[in-house]
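Content type TSV, C-alpha atoms and all ligand atoms, from the file entry-v3.tsv:
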chain	number	residue	atom	x	y	z
V	10	MET	CA	85.99	78.51	-19.56
V	11	LYS	CA	89.05	76.44	-20.42
V	12	PHE	CA	90.07	75.78	-24.02
V	13	ASN	CA	88.39	72.40	-24.60
V	14	SER	CA	85.08	73.83	-23.39
V	15	LEU	CA	85.58	77.03	-25.36
V	16	VAL	CA	85.86	75.20	-28.70
V	17	ILE	CA	82.38	73.82	-28.04
V	18	HIS	CA	80.71	76.65	-26.10
V	19	GLY	CA	82.74	79.73	-27.07
V	20	GLY	CA	81.47	82.66	-29.11
V	21	ILE	CA	77.73	82.63	-29.64
V	22	ASP	CA	76.46	79.22	-28.60
V	23	GLY	CA	73.24	77.78	-30.05
V	24	ASP	CA	70.26	80.01	-30.87
V	25	GLU	CA	68.53	82.19	-28.30
V	26	LYS	CA	65.33	82.51	-30.29
V	27	THR	CA	64.54	78.80	-30.76
V	28	GLY	CA	66.78	77.08	-28.23
V	29	ALA	CA	68.52	75.19	-31.05
V	30	VAL	CA	71.71	73.71	-29.61
V	31	THR	CA	73.77	74.48	-32.67
V	32	VAL	CA	73.95	77.85	-34.41
V	33	PRO	CA	71.44	77.85	-37.28
V	34	ILE	CA	72.45	78.66	-40.84
V	35	TYR	CA	70.98	82.11	-41.42
V	36	GLN	CA	70.88	81.76	-45.19
V	37	THR	CA	69.66	85.27	-45.89
V	38	SER	CA	71.07	88.30	-47.63
V	39	THR	CA	68.89	90.94	-46.00
V	40	TYR	CA	66.74	91.65	-42.91
V	41	ARG	CA	63.35	93.28	-42.33
V	42	GLN	CA	63.45	96.79	-40.86
V	43	LYS	CA	60.55	97.81	-38.60
V	44	LYS	CA	60.85	101.42	-39.69
V	45	VAL	CA	63.38	103.14	-41.91
V	46	GLY	CA	66.76	102.59	-40.30
V	47	GLN	CA	65.27	100.66	-37.36
V	48	HIS	CA	66.69	97.15	-37.64
V	49	SER	CA	67.48	94.16	-35.44
V	50	GLY	CA	71.23	94.78	-35.56
V	51	TYR	CA	71.46	93.17	-38.98
V	52	GLU	CA	70.83	95.05	-42.21
V	53	TYR	CA	72.63	93.18	-44.94
V	54	SER	CA	74.72	89.98	-44.78
V	55	ARG	CA	77.93	91.46	-46.15
V	56	THR	CA	77.94	93.78	-43.15
V	57	GLY	CA	76.81	91.16	-40.65
V	58	ASN	CA	75.23	87.70	-40.54
V	59	PRO	CA	74.40	85.80	-37.32
V	60	THR	CA	76.02	82.52	-38.42
V	61	ARG	CA	79.20	84.26	-39.48
V	62	GLU	CA	79.15	86.36	-36.33
V	63	ALA	CA	78.97	83.23	-34.16
V	64	LEU	CA	82.08	81.91	-35.90
V	65	GLU	CA	83.84	85.27	-35.60
V	66	LYS	CA	83.18	85.48	-31.85
V	67	LEU	CA	84.27	81.86	-31.44
V	68	ILE	CA	87.65	82.29	-33.13
V	69	SER	CA	88.25	85.52	-31.24
V	70	ASP	CA	87.61	83.70	-27.94
V	71	LEU	CA	89.90	80.83	-28.94
V	72	GLU	CA	92.78	83.13	-29.87
V	73	GLY	CA	92.21	85.38	-26.85
V	74	GLY	CA	91.61	88.35	-29.15
V	75	PHE	CA	89.29	91.35	-29.18
V	76	ARG	CA	87.38	90.62	-32.38
V	77	GLY	CA	87.35	88.05	-35.20
V	78	PHE	CA	86.52	88.19	-38.90
V	79	ALA	CA	85.65	85.43	-41.35
V	80	PHE	CA	86.68	85.57	-45.00
V	81	SER	CA	86.07	83.47	-48.09
V	82	SER	CA	89.63	82.06	-48.06
V	83	GLY	CA	92.94	82.35	-46.26
V	84	MET	CA	94.16	84.54	-49.10
V	85	ALA	CA	91.11	86.81	-48.78
V	86	ALA	CA	91.92	87.16	-45.07
V	87	ILE	CA	95.58	87.95	-45.80
V	88	SER	CA	94.69	90.43	-48.56
V	89	SER	CA	92.18	92.16	-46.29
V	90	VAL	CA	94.83	92.53	-43.58
V	91	LEU	CA	97.29	93.97	-46.12
V	92	MET	CA	94.66	96.59	-47.00
V	93	LEU	CA	95.30	98.13	-43.57
V	94	PHE	CA	98.37	99.67	-45.22
V	95	LYS	CA	98.62	102.38	-47.82
V	96	SER	CA	100.81	103.21	-50.76
V	97	GLY	CA	104.32	104.08	-49.51
V	98	ASP	CA	104.06	101.98	-46.34
V	99	HIS	CA	106.72	99.31	-45.82
V	100	ILE	CA	106.31	95.88	-44.23
V	101	ILE	CA	108.78	93.15	-43.29
V	102	LEU	CA	107.83	89.53	-43.98
V	103	SER	CA	109.39	86.13	-43.31
V	104	ASP	CA	111.17	84.97	-46.46
V	105	ASP	CA	109.51	81.58	-46.45
V	106	VAL	CA	105.88	82.58	-45.98
V	107	TYR	CA	103.15	80.66	-47.74
V	108	GLY	CA	103.65	80.94	-51.52
V	109	GLY	CA	100.30	82.66	-52.02
V	110	THR	CA	101.26	85.32	-49.49
V	111	PHE	CA	104.50	85.98	-51.35
V	112	ARG	CA	102.58	86.16	-54.63
V	113	VAL	CA	99.89	88.57	-53.45
V	114	VAL	CA	102.50	90.92	-51.93
V	115	ASP	CA	104.93	90.71	-54.85
V	116	LYS	CA	102.39	90.76	-57.69
V	117	VAL	CA	99.33	92.60	-56.38
V	118	PHE	CA	100.13	94.89	-53.44
V	119	LYS	CA	103.42	95.95	-55.02
V	120	ASN	CA	101.39	97.49	-57.85
V	121	LEU	CA	99.39	99.41	-55.27
V	122	GLY	CA	102.57	100.94	-53.86
V	123	LEU	CA	103.21	98.73	-50.84
V	124	GLU	CA	106.93	98.43	-50.07
V	125	TYR	CA	108.31	95.28	-48.51
V	126	ASP	CA	111.32	93.14	-47.64
V	127	PHE	CA	111.21	89.36	-47.36
V	128	ILE	CA	113.87	88.44	-44.80
V	129	ASN	CA	114.95	85.59	-42.56
V	130	THR	CA	112.93	86.41	-39.44
V	131	ASN	CA	114.38	83.39	-37.62
V	132	ASP	CA	117.37	85.61	-37.06
V	133	ILE	CA	115.86	88.10	-34.60
V	134	ASN	CA	118.88	90.44	-34.70
V	135	ASP	CA	118.53	90.84	-38.43
V	136	ILE	CA	115.02	92.26	-38.29
V	137	SER	CA	116.00	95.66	-36.83
V	138	LYS	CA	118.34	96.30	-39.78
V	139	TYR	CA	115.37	96.35	-42.14
V	140	ILE	CA	113.16	98.72	-40.16
V	141	LYS	CA	112.75	102.03	-41.99
V	142	LYS	CA	110.88	105.25	-41.31
V	143	ASN	CA	107.88	104.03	-43.28
V	144	THR	CA	107.85	100.49	-41.84
V	145	LYS	CA	104.45	99.66	-40.39
V	146	ALA	CA	104.41	95.93	-39.66
V	147	ILE	CA	106.24	92.63	-39.30
V	148	TYR	CA	104.48	89.60	-40.81
V	149	ILE	CA	105.62	86.14	-39.77
V	150	GLU	CA	104.67	82.52	-40.13
V	151	THR	CA	105.89	79.99	-37.57
V	152	PRO	CA	106.48	77.13	-38.20
V	153	THR	CA	107.07	77.69	-41.91
V	154	ASN	CA	106.11	75.53	-44.81
V	155	PRO	CA	107.66	73.13	-45.74
V	156	LEU	CA	110.87	73.43	-43.70
V	157	MET	CA	109.23	74.01	-40.27
V	158	LYS	CA	111.54	76.89	-39.33
V	159	LEU	CA	110.50	78.71	-36.17
V	160	THR	CA	110.44	82.39	-35.28
V	161	ASP	CA	110.30	83.45	-31.63
V	162	ILE	CA	107.02	85.39	-31.50
V	163	LYS	CA	107.73	87.00	-28.11
V	164	GLU	CA	111.14	88.27	-29.20
V	165	VAL	CA	109.79	89.67	-32.47
V	166	SER	CA	106.92	91.32	-30.61
V	167	LYS	CA	109.44	93.21	-28.46
V	168	ILE	CA	111.06	94.62	-31.61
V	169	ALA	CA	107.62	95.43	-33.03
V	170	LYS	CA	106.55	97.28	-29.87
V	171	GLU	CA	109.81	99.22	-29.57
V	172	ASN	CA	109.34	100.47	-33.12
V	173	ASN	CA	105.59	100.96	-33.02
V	174	LEU	CA	104.95	98.26	-35.64
V	175	LEU	CA	102.07	95.82	-35.92
V	176	LEU	CA	103.00	92.17	-35.50
V	177	ILE	CA	100.98	89.89	-37.77
V	178	VAL	CA	101.22	86.09	-37.32
V	179	ASP	CA	99.87	83.43	-39.68
V	180	ASN	CA	98.95	80.71	-37.16
V	181	THR	CA	97.56	78.20	-39.69
V	182	PHE	CA	99.99	75.35	-38.90
V	183	MET	CA	99.49	75.50	-35.12
V	184	THR	CA	95.90	76.64	-34.46
V	185	PRO	CA	95.05	78.36	-31.14
V	186	TYR	CA	95.05	74.94	-29.46
V	187	LEU	CA	98.82	74.70	-29.85
V	188	GLN	CA	100.00	78.31	-30.09
V	189	LYS	CA	98.51	81.64	-29.01
V	190	PRO	CA	100.29	84.50	-30.81
V	191	ILE	CA	98.23	87.28	-29.17
V	192	LYS	CA	99.34	86.12	-25.70
V	193	LEU	CA	102.90	86.22	-27.03
V	194	GLY	CA	102.52	89.82	-28.23
V	195	ALA	CA	100.98	89.66	-31.71
V	196	ASP	CA	98.42	92.27	-32.80
V	197	ILE	CA	96.80	90.33	-35.63
V	198	VAL	CA	96.48	86.57	-36.14
V	199	ILE	CA	95.56	85.06	-39.51
V	200	HIS	CA	94.35	81.57	-40.37
V	201	SER	CA	93.74	79.62	-43.46
V	202	ALA	CA	90.80	77.84	-41.80
V	203	THR	CA	90.79	75.59	-44.85
V	204	LYS	CA	93.40	73.57	-42.97
V	205	TYR	CA	93.23	72.42	-39.31
V	206	LEU	CA	90.37	74.64	-38.11
V	207	GLY	CA	87.98	73.27	-40.74
V	208	GLY	CA	89.83	69.99	-40.42
V	209	HIS	CA	87.89	67.87	-42.90
V	210	SER	CA	89.15	69.06	-46.32
V	211	ASP	CA	85.63	70.21	-47.16
V	212	LEU	CA	85.79	74.01	-47.17
V	213	VAL	CA	87.95	77.03	-48.05
V	214	ALA	CA	87.93	79.84	-45.47
V	215	GLY	CA	90.09	82.44	-43.77
V	216	LEU	CA	89.99	84.08	-40.35
V	217	VAL	CA	91.51	87.21	-38.86
V	218	ILE	CA	91.69	87.99	-35.14
V	219	VAL	CA	92.75	91.39	-33.81
V	220	ASN	CA	93.76	92.36	-30.28
V	221	ASN	CA	92.05	95.75	-29.89
V	222	GLU	CA	89.02	97.83	-30.77
V	223	GLU	CA	90.75	100.22	-33.12
V	224	LEU	CA	92.06	97.39	-35.30
V	225	GLY	CA	88.64	95.74	-35.00
V	226	ASN	CA	86.91	98.79	-36.43
V	227	LYS	CA	89.45	99.08	-39.23
V	228	MET	CA	89.16	95.39	-40.14
V	229	HIS	CA	85.38	95.51	-40.12
V	230	PHE	CA	85.46	98.54	-42.38
V	231	ILE	CA	87.68	96.64	-44.83
V	232	GLN	CA	85.66	93.43	-44.57
V	233	ASN	CA	82.41	95.28	-45.29
V	234	SER	CA	83.91	97.52	-47.98
V	235	VAL	CA	85.85	94.89	-49.90
V	236	GLY	CA	83.33	92.15	-49.23
V	237	ALA	CA	85.40	88.94	-49.24
V	238	ILE	CA	83.14	87.45	-46.55
V	239	LEU	CA	82.51	83.83	-45.66
V	240	GLY	CA	78.96	82.68	-46.46
V	241	PRO	CA	76.54	81.37	-43.79
V	242	PHE	CA	76.79	77.71	-44.80
V	243	ASP	CA	80.59	77.63	-44.79
V	244	SER	CA	80.58	79.57	-41.50
V	245	TRP	CA	78.37	76.87	-40.01
V	246	LEU	CA	80.56	74.10	-41.45
V	247	LEU	CA	83.64	75.74	-39.96
V	248	ILE	CA	82.01	76.04	-36.51
V	249	LYS	CA	81.22	72.33	-36.75
V	250	GLY	CA	84.83	71.56	-37.63
V	251	ILE	CA	86.19	73.66	-34.76
V	252	LYS	CA	84.10	71.76	-32.20
V	253	THR	CA	86.51	68.80	-32.45
V	254	LEU	CA	89.71	70.83	-32.87
V	255	HIS	CA	91.30	69.79	-29.57
V	256	VAL	CA	90.58	66.08	-30.06
V	257	ARG	CA	91.81	66.10	-33.64
V	258	MET	CA	94.96	68.09	-32.84
V	259	ASP	CA	95.91	65.72	-30.02
V	260	ARG	CA	95.75	62.78	-32.41
V	261	HIS	CA	97.54	64.66	-35.23
V	262	CYS	CA	100.35	65.49	-32.79
V	263	GLU	CA	100.53	62.00	-31.33
V	264	ASN	CA	100.62	60.32	-34.75
V	265	ALA	CA	103.19	62.78	-36.10
V	266	GLU	CA	105.50	62.22	-33.14
V	267	LYS	CA	105.38	58.45	-33.63
V	268	ILE	CA	106.03	58.80	-37.34
V	269	VAL	CA	109.01	61.11	-36.74
V	270	ASN	CA	110.53	58.57	-34.36
V	271	TRP	CA	109.99	55.85	-36.94
V	272	LEU	CA	111.42	57.97	-39.80
V	273	LYS	CA	114.58	58.54	-37.75
V	274	GLU	CA	115.29	54.81	-38.02
V	275	GLN	CA	114.86	54.61	-41.80
V	276	GLU	CA	118.09	54.58	-43.78
V	277	TRP	CA	116.38	56.02	-46.89
V	278	VAL	CA	115.45	59.17	-44.99
V	279	LYS	CA	118.20	61.77	-45.26
V	280	LYS	CA	116.82	64.62	-43.13
V	281	ILE	CA	113.67	65.29	-41.13
V	282	TYR	CA	112.05	68.68	-40.63
V	283	TYR	CA	109.63	68.77	-37.71
V	284	PRO	CA	108.72	71.60	-35.32
V	285	GLY	CA	109.65	69.38	-32.35
V	286	ILE	CA	113.21	69.06	-33.65
V	287	GLU	CA	113.44	72.78	-34.52
V	288	ALA	CA	112.05	73.83	-31.12
V	289	ASN	CA	114.66	71.80	-29.25
V	290	GLU	CA	117.51	73.01	-31.42
V	291	ASN	CA	116.54	76.68	-31.19
V	292	LYS	CA	115.14	76.68	-27.65
V	293	ILE	CA	111.84	78.17	-28.80
V	294	MET	CA	109.13	76.84	-26.52
V	295	GLN	CA	106.02	78.70	-27.63
V	296	MET	CA	103.80	75.79	-28.67
V	297	LYS	CA	101.99	73.28	-26.53
V	298	LYS	CA	102.77	70.34	-28.83
V	299	PHE	CA	104.36	70.17	-32.26
V	300	GLY	CA	101.46	69.72	-34.67
V	301	GLY	CA	100.85	67.27	-37.47
V	302	MET	CA	103.22	68.45	-40.20
V	303	ILE	CA	106.45	66.66	-41.08
V	304	SER	CA	108.78	67.14	-44.03
V	305	PHE	CA	111.58	64.76	-44.87
V	306	GLU	CA	114.17	64.33	-47.54
V	307	VAL	CA	114.45	60.97	-49.25
V	308	VAL	CA	117.97	59.91	-50.28
V	309	ASN	CA	117.19	59.75	-54.01
V	310	GLU	CA	114.43	59.98	-56.62
V	311	GLU	CA	114.21	56.22	-57.01
V	312	TYR	CA	113.19	55.83	-53.38
V	313	LEU	CA	110.89	58.80	-53.62
V	314	ASN	CA	109.07	57.17	-56.54
V	315	LYS	CA	108.91	53.88	-54.65
V	316	LEU	CA	107.41	55.68	-51.69
V	317	LEU	CA	104.77	57.46	-53.77
V	318	SER	CA	103.75	54.27	-55.58
V	319	ASN	CA	103.36	52.44	-52.28
V	320	LEU	CA	100.56	54.60	-50.91
V	321	LYS	CA	97.20	53.08	-50.01
V	322	ILE	CA	95.62	55.42	-47.49
V	323	ILE	CA	97.86	58.47	-47.78
V	324	THR	CA	96.65	60.70	-50.63
V	325	LEU	CA	99.02	62.58	-52.92
V	326	ALA	CA	97.52	66.08	-52.79
V	327	GLU	CA	98.14	69.70	-51.93
V	328	SER	CA	96.66	71.24	-48.78
V	329	LEU	CA	96.96	69.96	-45.22
V	330	GLY	CA	95.29	69.77	-41.85
V	331	GLY	CA	92.46	67.39	-42.67
V	332	VAL	CA	91.60	64.17	-40.85
V	333	GLU	CA	93.07	62.21	-43.76
V	334	SER	CA	96.83	61.95	-44.32
V	335	LEU	CA	98.09	63.86	-47.35
V	336	ILE	CA	101.52	63.79	-48.92
V	337	SER	CA	103.09	66.24	-51.36
V	338	VAL	CA	106.37	66.93	-53.10
V	339	PRO	CA	106.75	70.71	-52.58
V	340	ALA	CA	109.39	71.26	-55.30
V	341	LYS	CA	107.02	69.84	-57.91
V	342	MET	CA	103.71	70.94	-56.45
V	343	THR	CA	103.19	73.82	-53.99
V	344	HIS	CA	106.61	75.41	-54.52
V	345	ALA	CA	107.11	74.71	-58.24
V	346	SER	CA	106.95	78.42	-59.08
V	347	ILE	CA	110.13	79.13	-57.07
V	348	PRO	CA	113.23	78.89	-59.33
V	349	ALA	CA	115.18	75.63	-58.83
V	350	GLU	CA	118.41	77.34	-57.61
V	351	ILE	CA	116.50	79.23	-54.92
V	352	ARG	CA	114.61	76.09	-53.93
V	353	ASP	CA	117.85	74.15	-53.56
V	354	LYS	CA	119.41	76.93	-51.51
V	355	LEU	CA	116.41	76.96	-49.18
V	356	GLY	CA	116.49	73.17	-48.84
V	357	ILE	CA	113.34	72.46	-50.84
V	358	THR	CA	115.03	69.77	-52.93
V	359	ASP	CA	113.37	67.53	-55.52
V	360	THR	CA	113.31	64.66	-53.01
V	361	LEU	CA	111.76	66.60	-50.14
V	362	VAL	CA	108.38	65.21	-49.11
V	363	ARG	CA	105.79	66.96	-46.96
V	364	LEU	CA	103.41	64.86	-44.94
V	365	SER	CA	100.22	66.16	-43.35
V	366	VAL	CA	99.67	63.42	-40.80
V	367	GLY	CA	96.00	62.48	-40.47
V	368	ILE	CA	94.20	60.90	-37.57
V	369	GLU	CA	94.02	57.37	-38.98
V	370	ASP	CA	95.63	54.47	-37.09
V	371	VAL	CA	99.31	55.35	-37.09
V	372	GLU	CA	100.27	51.75	-37.96
V	373	ASP	CA	98.40	52.10	-41.27
V	374	ILE	CA	100.17	55.36	-42.10
V	375	ILE	CA	103.55	53.81	-41.25
V	376	SER	CA	102.69	50.76	-43.34
V	377	ASP	CA	102.14	53.08	-46.34
V	378	LEU	CA	105.55	54.65	-45.70
V	379	THR	CA	107.36	51.34	-45.34
V	380	LEU	CA	109.57	50.65	-48.35
V	381	ASN	CA	110.45	47.19	-49.51
V	382	LEU	CA	114.02	47.99	-50.46
V	383	LYS	CA	114.88	44.67	-52.12
Q	401	LIG	C1	96.84	77.47	-47.23
Q	401	LIG	C2	97.53	78.56	-46.53
Q	401	LIG	C3	97.20	79.90	-46.78
Q	401	LIG	C4	96.17	80.30	-47.82
Q	401	LIG	O1	94.88	79.93	-47.44
Q	401	LIG	P1	93.70	79.53	-48.46
Q	401	LIG	O2	92.61	79.14	-47.55
Q	401	LIG	O3	94.22	78.43	-49.32
Q	401	LIG	O4	93.39	80.75	-49.26
Q	401	LIG	C5	97.85	80.87	-46.03
Q	401	LIG	N1	98.79	80.55	-45.12
Q	401	LIG	C6	99.14	79.28	-44.88
Q	401	LIG	C7	100.19	78.99	-43.86
Q	401	LIG	C8	98.53	78.24	-45.58
Q	401	LIG	O5	98.91	76.98	-45.33
Write-out of the structure in structure tokens:
Amino acid sequence: MKFNSLVIHGGIDGDEKTGAVTVPIYQTSTYRQKKVGQHSGYEYSRTGNPTREALEKLISDLEGGFRGFAFSSGMAAISSVLMLFKSGDHIILSDDVYGGTFRVVDKVFKNLGLEYDFINTNDINDISKYIKKNTKAIYIETPTNPLMKLTDIKEVSKIAKENNLLLIVDNTFMTPYLQKPIKLGADIVIHSATKYLGGHSDLVAGLVIVNNEELGNKMHFIQNSVGAILGPFDSWLLIKGIKTLHVRMDRHCENAEKIVNWLKEQEWVKKIYYPGIEANENKIMQMKKFGGMISFEVVNEEYLNKLLSNLKIITLAESLGGVESLISVPAKMTHASIPAEIRDKLGITDTLVRLSVGIEDVEDIISDLTLNLK
């Protein structure tokens, strides 16, 4: 099956028992056993639930992986992956990973003895310098948030393989429709499915996909032991969201491209950050199209305020990836916890705006962004 059919018919499709076309919501915690220990394959819903399993098979098919796992949030997925490591292990991470990822490593896993370095993984040659005897994995995000920096997954995977390290890729911004990390050499792919995979700003969920049986067994052990599972209703809602992934992503990409071209003409826009621009500059061609995320710097605060007070359909809010356009000011919202000097050095200035381009009519989005400068 090709991708657009897989999003609809991948994984476990419908319900064998009743012929229902969509996967039913198995809203149950436990399952009848015919005799002691003789069960239908399901014993308890933390260990396994048919609705969640349908979602897990679906995402594994879409990413071209061996096995998938659904968690109660992106952070639960990330934390569960980090539990693959033990005290004294060392991991290398991109220095501009999602803020929550930085926080959980630096404030939670550090206390459990995990060692780590946050480095600029865009510079491939730099990575090797940080590999130590106890290094176990490289964790990257590409493109990054909010500056859309890219890391060459294939090149990093070569370094990972040479040194016997796991390569973990957070693929939230791209989704498997636009980028397939496992095909490029990754061992583990992570999603905040809260974003594009869910796609409707109506659920919080996380997914993990692994590329082999051994990692699959380890992840299932952690998922069942720690228990940060996604419930049956949210699993169903996420399957429903994924069914239109390809159609939504095409429109997100198309709208974003038009908006970038329009922004280029605006004199109040100082700099644009967009994966399409980064990919051309760095010759990294690992995504099918460039996604729906754009950041741009406005020349001054006055224009920024004008822009924000002009909005009719674009909502000022955190999060991204929904059908509706959302705008945020990272320095004051998602990235406020990073000290101002560091933010400025990174390029996350007070007038940087991040736009999650929705699938509305692009003319309406552009009309919201149009400033009356007189
Ligand atoms: C939102 C996000 C996360 C965290 O996911 P939650 O579902 O909010 O827990 C992780 N990585 C990236 C890239 C994100 O955008």
**Study point:** Separation of CA of Thr253 in chain V from CA of His209 in chain V, in Å and rounded to one decimal
**Key:**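 Interatomic distance, CA of Thr253 in chain V to CA of His209 in chain V: 10.6 Å.
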Exercise for review: For range 97-114 of chain V, please output as a ChimeraX atom specification all residues within 8 Å (counting all atoms listed in the file; exclusion window: fewer than 3 positions along the same chain).
Suggested key: /V:84,87-88,94,117-119,122-130,139-141,143-150,153-154,343-344
**Study point:** Coordinates-based distance that separates CA of Gly236 in chain V from CA of Lys192 in chain V (Å, one decimal)
**Key:**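 These two atoms are separated by 29.1 Å.
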Restrict the calculation to all atoms listed in the file, then for each residue of chain V with any atom at most 9 Å from an atom of ligand LIG 401 (chain Q) give the closest atom pair and their distance in Å to one decimal, rows by chain and rising residue number, as CSV.
residue,atom,partner,partner_atom,distance
V:Ser81,CA,Q:LIG401,O2,7.9
V:Ser82,CA,Q:LIG401,O4,4.2
V:Gly83,CA,Q:LIG401,O1,3.3
V:Met84,CA,Q:LIG401,O4,3.9
V:Ala85,CA,Q:LIG401,O4,6.5
V:Ala86,CA,Q:LIG401,O4,7.8
V:Ile87,CA,Q:LIG401,C5,7.4
V:Val106,CA,Q:LIG401,C7,7.1
V:Tyr107,CA,Q:LIG401,N1,5.1
V:Gly108,CA,Q:LIG401,C5,8.0
V:Gly109,CA,Q:LIG401,C4,6.3
V:Thr110,CA,Q:LIG401,C5,6.6
V:Glu150,CA,Q:LIG401,C7,6.8
V:Thr151,CA,Q:LIG401,C7,8.5
V:Pro152,CA,Q:LIG401,C7,8.7
V:Thr153,CA,Q:LIG401,C7,7.3
V:Asn154,CA,Q:LIG401,C7,6.9
V:Asp179,CA,Q:LIG401,C7,6.1
V:Asn180,CA,Q:LIG401,C7,7.0
V:Thr181,CA,Q:LIG401,C7,5.0
V:Phe182,CA,Q:LIG401,C7,6.2
V:Ile199,CA,Q:LIG401,N1,7.9
V:His200,CA,Q:LIG401,N1,6.6
V:Ser201,CA,Q:LIG401,O1,4.2
V:Ala202,CA,Q:LIG401,O2,6.2
V:Thr203,CA,Q:LIG401,O2,4.8
V:Lys204,CA,Q:LIG401,C1,6.7
V:Leu212,CA,Q:LIG401,O2,8.5
V:Val213,CA,Q:LIG401,O2,5.1
V:Ala214,CA,Q:LIG401,O2,5.2
V:Gly215,CA,Q:LIG401,O2,5.6
V:Ser328,CA,Q:LIG401,C1,6.4
V:Leu329,CA,Q:LIG401,O5,7.3
V:Gly330,CA,Q:LIG401,O5,8.8
Report as a tab-separated table (two decimals) with C-alpha atoms, in the frame of the given file all protein, DNA and RNA residues lying within 9 Å of range 364-372 of chain V, evaluated on all atoms listed in the file, omitting residues in the same chain fewer than 5 positions from it.
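Below is the file that was written, part-v9.tsv:
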chain	number	residue	atom	x	y	z
V	257	ARG	CA	91.81	66.10	-33.64
V	258	MET	CA	94.96	68.09	-32.84
V	260	ARG	CA	95.75	62.78	-32.41
V	261	HIS	CA	97.54	64.66	-35.23
V	262	CYS	CA	100.35	65.49	-32.79
V	263	GLU	CA	100.53	62.00	-31.33
V	264	ASN	CA	100.62	60.32	-34.75
V	265	ALA	CA	103.19	62.78	-36.10
V	267	LYS	CA	105.38	58.45	-33.63
V	268	ILE	CA	106.03	58.80	-37.34
V	300	GLY	CA	101.46	69.72	-34.67
V	301	GLY	CA	100.85	67.27	-37.47
V	302	MET	CA	103.22	68.45	-40.20
V	303	ILE	CA	106.45	66.66	-41.08
V	304	SER	CA	108.78	67.14	-44.03
V	305	PHE	CA	111.58	64.76	-44.87
V	322	ILE	CA	95.62	55.42	-47.49
V	323	ILE	CA	97.86	58.47	-47.78
V	328	SER	CA	96.66	71.24	-48.78
V	329	LEU	CA	96.96	69.96	-45.22
V	330	GLY	CA	95.29	69.77	-41.85
V	331	GLY	CA	92.46	67.39	-42.67
V	332	VAL	CA	91.60	64.17	-40.85
V	333	GLU	CA	93.07	62.21	-43.76
V	334	SER	CA	96.83	61.95	-44.32
V	335	LEU	CA	98.09	63.86	-47.35
V	336	ILE	CA	101.52	63.79	-48.92
V	337	SER	CA	103.09	66.24	-51.36
V	338	VAL	CA	106.37	66.93	-53.10
V	377	ASP	CA	102.14	53.08	-46.34
Practice item. Rounded to one decimal place, report the CA of Trp271 in chain V-CA of Phe299 in chain V distance in Å. Key: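 Value for the CA of Trp271 in chain V-CA of Phe299 in chain V distance: 16.1 Å.
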Study note, to complete from the structure: Among V:Lys227, V:Glu171, V:Gly356, V:His18, Val30 in chain V is approached most closely, using all atoms listed in the file, by V:His18
Point to revise | Pick from V:Val45, V:Leu193, V:Val90, V:Ala29 nearest to Gly73 in chain V, counting only C-alpha atoms | key: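 Of V:Val45, V:Leu193, V:Val90, V:Ala29, the one nearest Gly73 in chain V, counting only C-alpha atoms, is V:Leu193.
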Revision key, fill the gap. The residue from V:Asn291, V:Asn233, V:Gln36, V:Thr31 with the smallest atom-to-atom distance to Ala63 in chain V, counting only C-alpha atoms, is V:Thr31
Extract, using only C-alpha atoms, all DNA, RNA and protein residues at most 10 Å from Lys163 in chain V, discarding same-chain residues fewer than 6 positions from it, and format them as a short mmCIF file (atom, residue, chain, number, x, y, z; two decimals) with C-alpha atoms, in the coordinates of the input.
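Heads up, here's the output in selection.cif:
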data_model
loop_
_atom_site.label_atom_id
_atom_site.label_comp_id
_atom_site.auth_asym_id
_atom_site.auth_seq_id
_atom_site.Cartn_x
_atom_site.Cartn_y
_atom_site.Cartn_z
CA ALA V 169 107.62 95.43 -33.03
CA PRO V 190 100.29 84.50 -30.81
CA ILE V 191 98.23 87.28 -29.17
CA LYS V 192 99.34 86.12 -25.70
CA LEU V 193 102.90 86.22 -27.03
CA GLY V 194 102.52 89.82 -28.23
CA ALA V 195 100.98 89.66 -31.71
CA ILE V 293 111.84 78.17 -28.80
CA GLN V 295 106.02 78.70 -27.63
#
Exercise for review: Find, counting only C-alpha atoms, the residue in V:Gly74, V:Gly285, V:Pro155, V:Pro241 that gets nearest to Ile197 in chain V.
Suggested key: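 Among V:Gly74, V:Gly285, V:Pro155, V:Pro241, it is V:Gly74 that comes nearest to Ile197 in chain V.
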